[in-house]
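Coordinates as given in final35.cif (mmCIF, C-alpha atoms):
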```cif
data_structure
#
loop_
_atom_site.label_atom_id
_atom_site.label_comp_id
_atom_site.auth_asym_id
_atom_site.auth_seq_id
_atom_site.Cartn_x
_atom_site.Cartn_y
_atom_site.Cartn_z
CA MET A 1 0.00 0.00 0.00
CA ASN A 2 1.30 3.45 -0.94
CA THR A 3 1.46 6.04 1.82
CA TYR A 4 1.37 9.70 0.80
CA LYS A 5 2.54 12.40 3.18
CA ILE A 6 0.37 15.49 2.76
CA ALA A 7 1.07 18.88 4.31
CA ALA A 8 -2.24 20.68 4.89
CA ILE A 9 -2.10 24.48 5.18
CA PRO A 10 -5.72 25.62 5.66
CA ALA A 11 -4.61 29.25 6.30
CA ASP A 12 -7.28 31.98 6.20
CA GLY A 13 -10.99 32.62 5.86
CA ILE A 14 -12.89 29.69 4.36
CA GLY A 15 -9.61 27.84 3.83
CA PRO A 16 -10.00 25.67 6.96
CA GLU A 17 -13.59 24.84 5.98
CA VAL A 18 -12.83 23.66 2.45
CA ILE A 19 -9.59 21.88 3.38
CA SER A 20 -11.41 19.99 6.14
CA ALA A 21 -14.03 18.98 3.58
CA GLY A 22 -11.35 17.93 1.11
CA LEU A 23 -9.56 15.78 3.66
CA ARG A 24 -12.82 13.99 4.46
CA VAL A 25 -13.29 13.20 0.79
CA LEU A 26 -9.69 12.03 0.41
CA GLU A 27 -10.08 9.69 3.37
CA ALA A 28 -13.25 8.26 1.85
CA LEU A 29 -11.39 7.69 -1.41
CA ALA A 30 -8.47 5.99 0.34
CA ALA A 31 -10.88 3.68 2.18
CA ARG A 32 -12.72 2.88 -1.03
CA GLU A 33 -9.63 2.25 -3.15
CA GLY A 34 -7.71 0.32 -0.49
CA SER A 35 -4.40 0.71 -2.33
CA PHE A 36 -3.11 3.89 -0.71
CA ARG A 37 -3.47 5.95 2.43
CA PHE A 38 -2.64 9.48 3.56
CA GLU A 39 -0.55 10.77 6.42
CA VAL A 40 -1.66 14.37 6.91
CA GLU A 41 0.11 16.98 8.99
CA SER A 42 -1.56 20.37 9.38
CA PHE A 43 0.30 23.66 9.72
CA ASP A 44 -1.34 26.70 11.33
CA TRP A 45 0.45 29.23 9.15
CA GLY A 46 -1.44 32.23 7.80
CA SER A 47 -2.79 35.60 8.90
CA ASP A 48 -3.50 34.60 12.51
CA TYR A 49 0.01 33.21 12.74
CA TYR A 50 1.30 36.54 11.38
CA LYS A 51 -0.69 38.60 13.87
CA ALA A 52 0.71 36.52 16.71
CA ARG A 53 4.31 36.21 15.50
CA GLY A 54 4.97 38.84 12.82
CA GLU A 55 5.50 36.32 10.03
CA MET A 56 3.16 34.27 7.86
CA MET A 57 5.20 31.12 8.35
CA PRO A 58 8.39 30.27 10.24
CA ALA A 59 11.78 30.90 8.70
CA ASP A 60 12.35 27.16 8.27
CA GLY A 61 8.94 26.64 6.67
CA LEU A 62 10.25 25.33 3.35
CA ASP A 63 12.58 22.92 5.12
CA ARG A 64 9.62 21.56 7.07
CA LEU A 65 7.55 21.12 3.92
CA GLN A 66 10.31 19.55 1.83
CA PRO A 67 9.75 15.90 2.96
CA PHE A 68 6.06 15.86 1.96
CA ASP A 69 4.69 14.36 -1.23
CA ALA A 70 2.26 17.24 -1.77
CA ILE A 71 0.89 20.38 -0.14
CA TYR A 72 -2.87 20.92 0.21
CA PHE A 73 -3.43 24.66 0.57
CA GLY A 74 -6.59 26.55 1.55
CA ALA A 75 -6.62 30.30 0.99
CA VAL A 76 -4.57 33.27 2.11
CA GLY A 77 -5.64 36.81 2.89
CA ALA A 78 -7.34 38.71 5.71
CA PRO A 79 -9.09 42.09 5.93
CA ASP A 80 -6.75 43.34 8.65
CA VAL A 81 -3.46 42.23 7.04
CA PRO A 82 -2.21 43.91 3.83
CA ASP A 83 -2.52 41.63 0.80
CA HIS A 84 1.11 41.96 -0.22
CA ILE A 85 2.16 40.68 3.21
CA THR A 86 -0.10 37.63 3.10
CA LEU A 87 0.79 36.73 -0.48
CA TRP A 88 4.53 37.34 -0.27
CA GLY A 89 4.69 35.88 3.22
CA LEU A 90 3.21 32.46 2.50
CA ARG A 91 1.96 31.39 -0.91
CA LEU A 92 4.61 32.94 -3.16
CA PRO A 93 7.58 31.80 -1.04
CA ILE A 94 6.30 28.24 -1.37
CA CYS A 95 5.66 28.49 -5.11
CA GLN A 96 8.96 30.18 -5.86
CA GLY A 97 11.02 28.39 -3.22
CA PHE A 98 9.94 25.01 -4.58
CA ASP A 99 10.15 26.18 -8.20
CA GLN A 100 6.52 25.26 -8.84
CA TYR A 101 6.75 26.98 -12.17
CA ALA A 102 3.67 25.41 -13.81
CA ASN A 103 0.37 26.69 -12.45
CA VAL A 104 -2.33 24.53 -14.04
CA ARG A 105 -5.95 25.65 -13.90
CA PRO A 106 -8.57 23.43 -15.56
CA THR A 107 -11.95 24.95 -16.30
CA ARG A 108 -15.13 23.29 -17.44
CA ILE A 109 -18.83 23.63 -16.76
CA LEU A 110 -19.88 20.91 -14.36
CA PRO A 111 -23.27 19.21 -14.78
CA GLY A 112 -26.02 21.00 -12.92
CA ILE A 113 -24.23 24.34 -12.81
CA LYS A 114 -25.74 27.16 -14.85
CA ALA A 115 -23.03 29.18 -16.54
CA PRO A 116 -23.59 32.84 -17.49
CA LEU A 117 -22.92 32.46 -21.22
CA ALA A 118 -26.00 31.89 -23.34
CA ASP A 119 -26.20 28.51 -25.08
CA VAL A 120 -22.97 27.32 -23.46
CA GLY A 121 -23.14 24.29 -21.22
CA PRO A 122 -21.16 21.21 -20.17
CA GLY A 123 -18.88 20.12 -22.99
CA ASP A 124 -18.84 23.54 -24.67
CA LEU A 125 -16.25 25.07 -22.35
CA ASP A 126 -13.37 22.75 -21.51
CA TRP A 127 -10.10 24.60 -21.02
CA VAL A 128 -6.80 24.25 -19.20
CA ILE A 129 -4.95 27.48 -18.49
CA VAL A 130 -1.21 27.11 -17.89
CA ARG A 131 0.21 30.03 -15.93
CA GLU A 132 3.91 30.77 -15.68
CA ASN A 133 4.34 30.69 -11.92
CA SER A 134 7.90 31.67 -11.07
CA GLU A 135 8.80 35.01 -12.63
CA GLY A 136 7.23 37.54 -14.99
CA GLU A 137 5.17 40.27 -13.40
CA TYR A 138 5.35 38.61 -9.96
CA SER A 139 9.13 38.38 -9.82
CA GLY A 140 9.29 40.91 -6.99
CA ALA A 141 11.81 43.10 -8.83
CA GLY A 142 11.42 46.83 -8.41
CA GLY A 143 11.14 49.32 -5.58
CA ARG A 144 10.00 52.69 -4.28
CA VAL A 145 12.00 55.82 -3.64
CA HIS A 146 11.14 59.26 -2.21
CA ARG A 147 8.24 57.74 -0.29
CA GLY A 148 5.49 60.20 0.60
CA LEU A 149 6.94 63.00 -1.46
CA PRO A 150 5.33 64.42 -4.63
CA GLU A 151 8.15 62.94 -6.69
CA GLU A 152 7.72 59.44 -5.25
CA VAL A 153 8.52 56.73 -7.79
CA ALA A 154 7.50 53.08 -7.78
CA THR A 155 8.83 50.56 -10.29
CA GLU A 156 7.50 47.06 -10.91
CA VAL A 157 9.87 45.18 -13.18
CA SER A 158 8.65 42.15 -15.08
CA VAL A 159 11.40 39.59 -15.43
CA PHE A 160 11.27 37.07 -18.29
CA THR A 161 14.13 34.64 -18.76
CA ARG A 162 14.61 32.38 -21.74
CA VAL A 163 14.75 29.32 -19.52
CA GLY A 164 11.59 30.36 -17.65
CA VAL A 165 9.60 31.12 -20.78
CA GLU A 166 10.77 28.09 -22.73
CA ARG A 167 10.04 25.59 -19.98
CA ILE A 168 6.47 26.82 -19.40
CA ILE A 169 5.68 26.94 -23.12
CA ARG A 170 7.14 23.48 -23.59
CA TYR A 171 5.05 22.24 -20.64
CA ALA A 172 1.94 23.74 -22.24
CA PHE A 173 2.67 22.15 -25.62
CA LYS A 174 3.10 18.75 -23.95
CA LEU A 175 -0.17 19.20 -22.08
CA ALA A 176 -1.96 20.23 -25.26
CA GLN A 177 -0.46 17.20 -27.00
CA SER A 178 -2.00 14.94 -24.35
CA ARG A 179 -5.52 16.36 -24.78
CA PRO A 180 -7.91 15.20 -27.53
CA ARG A 181 -8.01 18.45 -29.50
CA ARG A 182 -4.23 19.08 -29.47
CA LEU A 183 -4.79 22.83 -29.60
CA LEU A 184 -2.76 25.52 -27.80
CA THR A 185 -3.25 29.29 -27.62
CA VAL A 186 -0.28 31.41 -26.54
CA VAL A 187 -1.32 34.70 -24.90
CA THR A 188 0.95 37.75 -24.74
CA LYS A 189 0.78 41.52 -25.16
CA SER A 190 3.59 41.87 -27.66
CA ASN A 191 2.16 44.86 -29.50
CA ALA A 192 2.72 47.10 -26.47
CA GLN A 193 5.31 45.20 -24.43
CA ARG A 194 7.98 44.89 -27.07
CA HIS A 195 10.75 43.16 -25.13
CA GLY A 196 9.60 40.36 -22.83
CA MET A 197 6.40 39.65 -24.74
CA VAL A 198 8.11 39.60 -28.11
CA MET A 199 10.56 37.09 -26.64
CA TRP A 200 7.55 34.98 -25.57
CA ASP A 201 6.26 35.02 -29.15
CA GLU A 202 9.65 34.06 -30.56
CA ILE A 203 10.20 31.22 -28.09
CA ALA A 204 6.68 29.89 -28.70
CA ALA A 205 7.42 29.66 -32.42
CA GLU A 206 10.71 27.86 -31.70
CA VAL A 207 9.14 25.33 -29.31
CA ALA A 208 6.22 24.72 -31.68
CA GLU A 209 8.62 23.14 -34.16
CA ASP A 210 9.07 20.24 -31.72
CA PHE A 211 5.31 19.62 -31.64
CA PRO A 212 4.13 19.35 -35.25
CA ASP A 213 1.00 17.48 -34.12
CA VAL A 214 -0.20 20.42 -31.97
CA ALA A 215 -2.11 23.22 -33.67
CA TRP A 216 -1.36 26.56 -32.07
CA ASP A 217 -2.20 30.22 -32.37
CA LYS A 218 -1.45 33.35 -30.42
CA MET A 219 -3.61 36.12 -29.01
CA LEU A 220 -3.10 39.48 -27.38
CA VAL A 221 -4.43 39.30 -23.84
CA ASP A 222 -7.12 41.95 -24.33
CA ALA A 223 -8.44 40.19 -27.44
CA MET A 224 -8.29 36.92 -25.52
CA THR A 225 -10.87 38.11 -23.01
CA THR A 226 -13.26 38.75 -25.89
CA ARG A 227 -12.57 35.35 -27.44
CA MET A 228 -13.19 33.56 -24.15
CA VAL A 229 -16.63 35.14 -23.92
CA LEU A 230 -17.72 35.07 -27.56
CA LYS A 231 -15.99 31.95 -28.88
CA PRO A 232 -15.38 29.62 -25.93
CA ARG A 233 -15.53 26.50 -28.12
CA SER A 234 -12.52 27.74 -30.09
CA LEU A 235 -10.19 27.30 -27.08
CA ASP A 236 -8.63 24.32 -25.35
CA THR A 237 -5.18 24.69 -23.76
CA ILE A 238 -3.95 28.21 -22.98
CA VAL A 239 -0.55 29.44 -21.81
CA ALA A 240 0.22 32.93 -20.54
CA THR A 241 2.40 34.95 -18.22
CA ASN A 242 2.04 35.03 -14.46
CA LEU A 243 -0.21 38.11 -14.43
CA HIS A 244 -2.12 37.52 -17.64
CA ALA A 245 -3.03 33.93 -16.75
CA ASP A 246 -3.98 34.99 -13.22
CA VAL A 247 -6.57 37.36 -14.64
CA LEU A 248 -7.74 35.05 -17.43
CA SER A 249 -8.25 32.12 -15.09
CA ASP A 250 -10.53 34.17 -12.83
CA LEU A 251 -12.56 35.09 -15.90
CA ALA A 252 -12.60 31.42 -16.88
CA GLY A 253 -13.89 30.42 -13.44
CA ALA A 254 -16.68 32.98 -13.66
CA LEU A 255 -17.63 31.80 -17.15
CA ALA A 256 -17.85 28.24 -15.79
CA GLY A 257 -20.32 29.37 -13.14
CA SER A 258 -18.34 30.24 -10.02
CA LEU A 259 -14.83 30.68 -8.67
CA GLY A 260 -16.04 28.29 -5.98
CA VAL A 261 -15.52 25.38 -8.35
CA ALA A 262 -12.17 26.47 -9.80
CA PRO A 263 -9.02 24.51 -8.83
CA THR A 264 -5.33 25.05 -9.39
CA ALA A 265 -2.14 23.02 -9.17
CA ASN A 266 1.28 24.60 -8.54
CA ILE A 267 3.55 21.99 -10.04
CA ASP A 268 7.25 21.32 -10.10
CA PRO A 269 7.24 19.12 -13.22
CA GLU A 270 10.70 17.78 -12.42
CA ARG A 271 9.45 16.59 -9.01
CA ARG A 272 12.42 17.93 -7.11
CA TYR A 273 10.09 19.49 -4.54
CA PRO A 274 6.52 18.93 -3.34
CA SER A 275 3.85 20.48 -5.55
CA MET A 276 0.99 22.48 -4.05
CA PHE A 277 -2.75 22.18 -4.75
CA GLU A 278 -5.33 24.83 -3.90
CA PRO A 279 -8.72 26.27 -4.84
CA ILE A 280 -8.48 29.70 -6.45
CA HIS A 281 -11.50 31.31 -4.77
CA GLY A 282 -9.58 33.15 -2.05
CA SER A 283 -10.31 33.49 1.64
CA ALA A 284 -13.87 34.90 1.23
CA PHE A 285 -14.19 36.40 4.70
CA ASP A 286 -17.73 37.56 3.84
CA ILE A 287 -18.96 33.97 4.15
CA THR A 288 -16.41 32.58 6.60
CA GLY A 289 -18.07 30.58 9.36
CA LYS A 290 -21.49 30.53 7.68
CA GLY A 291 -21.12 26.94 6.51
CA ILE A 292 -21.88 27.76 2.87
CA ALA A 293 -18.40 27.79 1.33
CA ASN A 294 -18.30 25.79 -1.89
CA PRO A 295 -15.97 22.81 -1.37
CA VAL A 296 -16.02 21.70 -5.02
CA ALA A 297 -12.83 23.58 -5.92
CA SER A 298 -11.01 21.90 -3.05
CA PHE A 299 -12.30 18.52 -4.26
CA TRP A 300 -11.24 19.22 -7.85
CA THR A 301 -7.76 20.30 -6.81
CA ALA A 302 -7.57 17.17 -4.63
CA ALA A 303 -8.21 15.23 -7.85
CA GLN A 304 -5.30 17.13 -9.44
CA MET A 305 -3.17 16.11 -6.46
CA LEU A 306 -4.16 12.47 -6.89
CA GLU A 307 -3.24 12.60 -10.58
CA HIS A 308 0.13 14.10 -9.67
CA LEU A 309 0.67 11.25 -7.19
CA GLY A 310 -0.13 8.72 -9.91
CA GLU A 311 -3.55 7.74 -8.55
CA ASP A 312 -5.46 8.40 -11.78
CA ALA A 313 -8.30 5.98 -11.04
CA ALA A 314 -8.99 7.60 -7.67
CA ALA A 315 -8.89 11.07 -9.26
CA ALA A 316 -11.42 9.96 -11.88
CA ARG A 317 -13.65 8.44 -9.19
CA LEU A 318 -13.56 11.69 -7.23
CA MET A 319 -14.54 13.82 -10.23
CA GLU A 320 -17.32 11.38 -11.14
CA ALA A 321 -18.68 11.75 -7.61
CA VAL A 322 -18.47 15.55 -7.76
CA GLU A 323 -20.28 15.67 -11.10
CA GLN A 324 -22.93 13.24 -9.85
CA VAL A 325 -23.61 15.41 -6.81
CA CYS A 326 -23.72 18.65 -8.81
CA GLU A 327 -26.05 17.13 -11.38
CA ALA A 328 -28.36 16.04 -8.55
CA GLY A 329 -28.59 19.68 -7.47
CA VAL A 330 -26.71 19.37 -4.18
CA MET A 331 -24.83 22.66 -4.43
CA THR A 332 -23.97 25.69 -2.34
CA PRO A 333 -25.63 29.09 -2.89
CA ASP A 334 -22.86 30.54 -5.08
CA VAL A 335 -23.92 28.18 -7.87
CA GLY A 336 -27.65 28.42 -7.27
CA GLY A 337 -28.10 25.73 -4.65
CA THR A 338 -29.24 25.70 -1.04
CA ALA A 339 -26.89 23.10 0.43
CA THR A 340 -24.28 23.73 3.09
CA THR A 341 -20.60 22.88 2.84
CA ASP A 342 -21.16 19.80 5.01
CA GLU A 343 -24.15 18.64 2.95
CA VAL A 344 -22.18 18.83 -0.30
CA THR A 345 -19.27 17.03 1.35
CA ASP A 346 -21.55 14.31 2.75
CA ALA A 347 -23.10 13.82 -0.68
CA VAL A 348 -19.70 13.46 -2.37
CA VAL A 349 -18.48 11.04 0.32
CA ASN A 350 -21.62 8.94 -0.14
CA ALA A 351 -21.22 8.98 -3.92
CA ILE A 352 -17.63 7.76 -3.53
CA ARG A 353 -18.69 4.95 -1.20
CA GLY A 354 -21.55 3.87 -3.44
CA LYS A 355 -19.87 4.13 -6.83
CA ASN A 356 -20.04 0.88 -8.82
CA ASP A 357 -21.51 -1.05 -5.85
#
```

Any chance you could give the structure as structure tokens?
Amino acid sequence: MNTYKIAAIPADGIGPEVISAGLRVLEALAAREGSFRFEVESFDWGSDYYKARGEMMPADGLDRLQPFDAIYFGAVGAPDVPDHITLWGLRLPICQGFDQYANVRPTRILPGIKAPLADVGPGDLDWVIVRENSEGEYSGAGGRVHRGLPEEVATEVSVFTRVGVERIIRYAFKLAQSRPRRLLTVVTKSNAQRHGMVMWDEIAAEVAEDFPDVAWDKMLVDAMTTRMVLKPRSLDTIVATNLHADVLSDLAGALAGSLGVAPTANIDPERRYPSMFEPIHGSAFDITGKGIANPVASFWTAAQMLEHLGEDAAAARLMEAVEQVCEAGVMTPDVGGTATTDEVTDAVVNAIRGKND
């Protein structure tokens, strides 16, 4: 029997609620499959930890996470802690410290969920957005001088390296190659950003030569938002910079019905370090403690984690259970339902236990 060591970091807001739900579902899967089990250790890092200790996680945090097979992350952010502190204090140090350079965000309309686009339903919108996750606009390069004075200057420097761009585009081509449509769209803004973005375009054309069986095109990011809304069936796999893909994936989640169902995987494809799996909906303090947080994104990203661990059958079983429950109308209010977090979780656990019996 395989034993997987999972580091759970519930963190802030609804994070503890959806991670608790996800761990229940994973335990049900492990019991059903019988071929693997989980050893879970939880870490109390996050905004409360910061308010008590002045840091989002301890200085040796990465060293403590290194031995794990995967990291299951909730959400980070709190109304009384500046966003740049929460993000740069916890999530980004893990992503960058473990070189999780491929951020993979699948999007599709689940059965039973009404999406906002007219005449677009399950099967019409089935995308995977690949986000460069280690540099670009979130490299942290830049600074501020003359603070508080009229001549104050702030610079935010986007850093694009050939190795960083090539490896994410190559990852995206391989992913597109593995999907039925074998179609990739490369998103940049090379008409206005004539250095880094033009290099993206050039590298994409170079890498494409190694994948003659993948059809590809390129879009400017502003035009891409229009295409996602007006021609969703024309897209499949998408690759973009750190910032551009961050924005596009939130749009994708909304077009699929709710950010509450949107997952993400922060992957080190070379498997030198543990990869991290999280829902993208954020900490949602407006509904924290109300028992109505949508756990579907945490279930979907748990399926991504299972796939990364090589448990494809269990991942498929989990997604079948999620789709069965959604189609039956057991959903939280953000997607038009009346169920609580616990009721959705109970339904998914029961579907897992009863599948193929």

Within 12 Å of A:Leu110 using only C-alpha atoms, minus same-chain residues under 5 positions, as a VMD selection string = chain A and resid 115 120 to 126 253 255 to 258 260 to 262 296 to 297 300 319 to 329 331 335

For A:Val186, which residue out of A:Ile203, A:Val239, A:Ile292, A:Ser42 is the nearest one, using all atoms listed in the file?
-> A:Val239

For the file shown, report as an NGL selection string the outcome of the PyMOL selection byres ((chain A and resi 75-78) around 7) at residue level.
-> :A and (10-13 or 15 or 46-47 or 73-74 or 79-81 or 83 or 86-87 or 282-283)

To test your reading of the syntax: which residues would the PyMOL selection byres ((chain A and resi 154) around 8) return for the file shown? Reply as a PDB file with C-alpha atoms, keeping the file's coordinate frame.
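Dumped everything to result-v7.pdb:
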```pdb
ATOM      1  CA  GLY A 142      11.420  46.830  -8.410  1.00  0.00           C
ATOM      2  CA  GLY A 143      11.140  49.320  -5.580  1.00  0.00           C
ATOM      3  CA  ARG A 144      10.000  52.690  -4.280  1.00  0.00           C
ATOM      4  CA  VAL A 145      12.000  55.820  -3.640  1.00  0.00           C
ATOM      5  CA  GLU A 152       7.720  59.440  -5.250  1.00  0.00           C
ATOM      6  CA  VAL A 153       8.520  56.730  -7.790  1.00  0.00           C
ATOM      7  CA  THR A 155       8.830  50.560 -10.290  1.00  0.00           C
ATOM      8  CA  GLU A 156       7.500  47.060 -10.910  1.00  0.00           C
TER       9      GLU A 156
END
```

Residue among A:Arg24, A:Arg179, A:Arg37, A:Arg64 lying closest to A:Met1, counting all atoms listed in the file =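 Of all the options, A:Arg37 lies closest to A:Met1.
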
Counting all atoms listed in the file, which of A:Leu175, A:Ala31, A:Val187, A:Ala208 gets nearest to A:Ala223?
->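 So, comparing all the options, the nearest one is A:Val187.
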
Shortest interatomic distance to A:Glu135 - which of A:Ala339, A:Leu243, A:Ala314, A:Ala302, counting all atoms listed in the file =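 Closest residue, counting all atoms listed in the file: A:Leu243.
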
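For the choices A:Ile14, A:Ala7, A:Val25, A:Ala316, the atom-to-atom distance to A:Val349 is smallest for A:Val25 when using all atoms listed in the file.
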
Distance of atom CA of A:Gly337 from atom CA of A:Ile287, expressed in Å to one decimal place = 15.1 Å

Working from the structure I just supplied, which lacks atoms in stretch 104-130 of chain A, can you model N, CA and C atoms there and output them as a PDB file, keeping the file's coordinate frame?
```
ATOM      1  N   VAL A 104      -1.398  25.161 -13.106  1.00  0.00           N
ATOM      2  CA  VAL A 104      -2.330  24.530 -14.040  1.00  0.00           C
ATOM      3  C   VAL A 104      -3.751  24.683 -13.518  1.00  0.00           C
ATOM      4  N   ARG A 105      -4.602  25.331 -14.327  1.00  0.00           N
ATOM      5  CA  ARG A 105      -5.950  25.650 -13.900  1.00  0.00           C
ATOM      6  C   ARG A 105      -6.986  25.124 -14.899  1.00  0.00           C
ATOM      7  N   PRO A 106      -7.523  23.939 -14.672  1.00  0.00           N
ATOM      8  CA  PRO A 106      -8.570  23.430 -15.560  1.00  0.00           C
ATOM      9  C   PRO A 106      -9.892  24.149 -15.325  1.00  0.00           C
ATOM     10  N   THR A 107     -10.636  24.313 -16.386  1.00  0.00           N
ATOM     11  CA  THR A 107     -11.950  24.950 -16.300  1.00  0.00           C
ATOM     12  C   THR A 107     -12.922  24.202 -17.192  1.00  0.00           C
ATOM     13  N   ARG A 108     -14.026  23.778 -16.626  1.00  0.00           N
ATOM     14  CA  ARG A 108     -15.130  23.290 -17.440  1.00  0.00           C
ATOM     15  C   ARG A 108     -16.426  23.472 -16.668  1.00  0.00           C
ATOM     16  N   ILE A 109     -17.524  23.465 -17.389  1.00  0.00           N
ATOM     17  CA  ILE A 109     -18.830  23.630 -16.760  1.00  0.00           C
ATOM     18  C   ILE A 109     -19.280  22.275 -16.250  1.00  0.00           C
ATOM     19  N   LEU A 110     -19.457  22.171 -14.954  1.00  0.00           N
ATOM     20  CA  LEU A 110     -19.880  20.910 -14.360  1.00  0.00           C
ATOM     21  C   LEU A 110     -21.379  20.710 -14.538  1.00  0.00           C
ATOM     22  N   PRO A 111     -21.831  19.474 -14.644  1.00  0.00           N
ATOM     23  CA  PRO A 111     -23.270  19.210 -14.780  1.00  0.00           C
ATOM     24  C   PRO A 111     -24.043  19.836 -13.621  1.00  0.00           C
ATOM     25  N   GLY A 112     -25.179  20.415 -13.945  1.00  0.00           N
ATOM     26  CA  GLY A 112     -26.020  21.000 -12.920  1.00  0.00           C
ATOM     27  C   GLY A 112     -25.722  22.451 -12.610  1.00  0.00           C
ATOM     28  N   ILE A 113     -24.596  22.957 -13.074  1.00  0.00           N
ATOM     29  CA  ILE A 113     -24.230  24.340 -12.810  1.00  0.00           C
ATOM     30  C   ILE A 113     -24.593  25.203 -14.016  1.00  0.00           C
ATOM     31  N   LYS A 114     -25.333  26.251 -13.776  1.00  0.00           N
ATOM     32  CA  LYS A 114     -25.740  27.160 -14.850  1.00  0.00           C
ATOM     33  C   LYS A 114     -24.653  28.206 -15.044  1.00  0.00           C
ATOM     34  N   ALA A 115     -24.065  28.210 -16.215  1.00  0.00           N
ATOM     35  CA  ALA A 115     -23.030  29.180 -16.540  1.00  0.00           C
ATOM     36  C   ALA A 115     -23.653  30.427 -17.133  1.00  0.00           C
ATOM     37  N   PRO A 116     -22.975  31.571 -17.045  1.00  0.00           N
ATOM     38  CA  PRO A 116     -23.590  32.840 -17.490  1.00  0.00           C
ATOM     39  C   PRO A 116     -23.680  33.012 -18.999  1.00  0.00           C
ATOM     40  N   LEU A 117     -22.879  32.281 -19.781  1.00  0.00           N
ATOM     41  CA  LEU A 117     -22.920  32.460 -21.220  1.00  0.00           C
ATOM     42  C   LEU A 117     -24.145  31.766 -21.822  1.00  0.00           C
ATOM     43  N   ALA A 118     -24.823  32.458 -22.697  1.00  0.00           N
ATOM     44  CA  ALA A 118     -26.000  31.890 -23.340  1.00  0.00           C
ATOM     45  C   ALA A 118     -25.599  30.735 -24.249  1.00  0.00           C
ATOM     46  N   ASP A 119     -26.393  29.673 -24.197  1.00  0.00           N
ATOM     47  CA  ASP A 119     -26.200  28.510 -25.080  1.00  0.00           C
ATOM     48  C   ASP A 119     -24.839  27.845 -24.912  1.00  0.00           C
ATOM     49  N   VAL A 120     -24.241  27.989 -23.751  1.00  0.00           N
ATOM     50  CA  VAL A 120     -22.970  27.320 -23.460  1.00  0.00           C
ATOM     51  C   VAL A 120     -23.160  26.487 -22.206  1.00  0.00           C
ATOM     52  N   GLY A 121     -22.952  25.179 -22.343  1.00  0.00           N
ATOM     53  CA  GLY A 121     -23.140  24.290 -21.220  1.00  0.00           C
ATOM     54  C   GLY A 121     -22.029  23.270 -21.123  1.00  0.00           C
ATOM     55  N   PRO A 122     -22.197  22.240 -20.303  1.00  0.00           N
ATOM     56  CA  PRO A 122     -21.160  21.210 -20.170  1.00  0.00           C
ATOM     57  C   PRO A 122     -20.731  20.659 -21.521  1.00  0.00           C
ATOM     58  N   GLY A 123     -19.434  20.595 -21.725  1.00  0.00           N
ATOM     59  CA  GLY A 123     -18.880  20.120 -22.990  1.00  0.00           C
ATOM     60  C   GLY A 123     -18.520  21.229 -23.946  1.00  0.00           C
ATOM     61  N   ASP A 124     -19.137  22.419 -23.774  1.00  0.00           N
ATOM     62  CA  ASP A 124     -18.840  23.540 -24.670  1.00  0.00           C
ATOM     63  C   ASP A 124     -17.643  24.357 -24.207  1.00  0.00           C
ATOM     64  N   LEU A 125     -17.371  24.305 -22.917  1.00  0.00           N
ATOM     65  CA  LEU A 125     -16.250  25.070 -22.350  1.00  0.00           C
ATOM     66  C   LEU A 125     -15.404  24.078 -21.572  1.00  0.00           C
ATOM     67  N   ASP A 126     -14.262  23.727 -22.120  1.00  0.00           N
ATOM     68  CA  ASP A 126     -13.370  22.750 -21.510  1.00  0.00           C
ATOM     69  C   ASP A 126     -11.938  23.196 -21.773  1.00  0.00           C
ATOM     70  N   TRP A 127     -11.407  23.973 -20.843  1.00  0.00           N
ATOM     71  CA  TRP A 127     -10.100  24.600 -21.020  1.00  0.00           C
ATOM     72  C   TRP A 127      -9.126  24.145 -19.931  1.00  0.00           C
ATOM     73  N   VAL A 128      -7.832  24.293 -20.231  1.00  0.00           N
ATOM     74  CA  VAL A 128      -6.800  24.250 -19.200  1.00  0.00           C
ATOM     75  C   VAL A 128      -5.905  25.457 -19.418  1.00  0.00           C
ATOM     76  N   ILE A 129      -5.826  26.302 -18.419  1.00  0.00           N
ATOM     77  CA  ILE A 129      -4.950  27.480 -18.490  1.00  0.00           C
ATOM     78  C   ILE A 129      -3.652  27.156 -17.759  1.00  0.00           C
ATOM     79  N   VAL A 130      -2.540  27.331 -18.457  1.00  0.00           N
ATOM     80  CA  VAL A 130      -1.210  27.110 -17.890  1.00  0.00           C
ATOM     81  C   VAL A 130      -0.598  28.481 -17.617  1.00  0.00           C
TER      82      VAL A 130
END
```
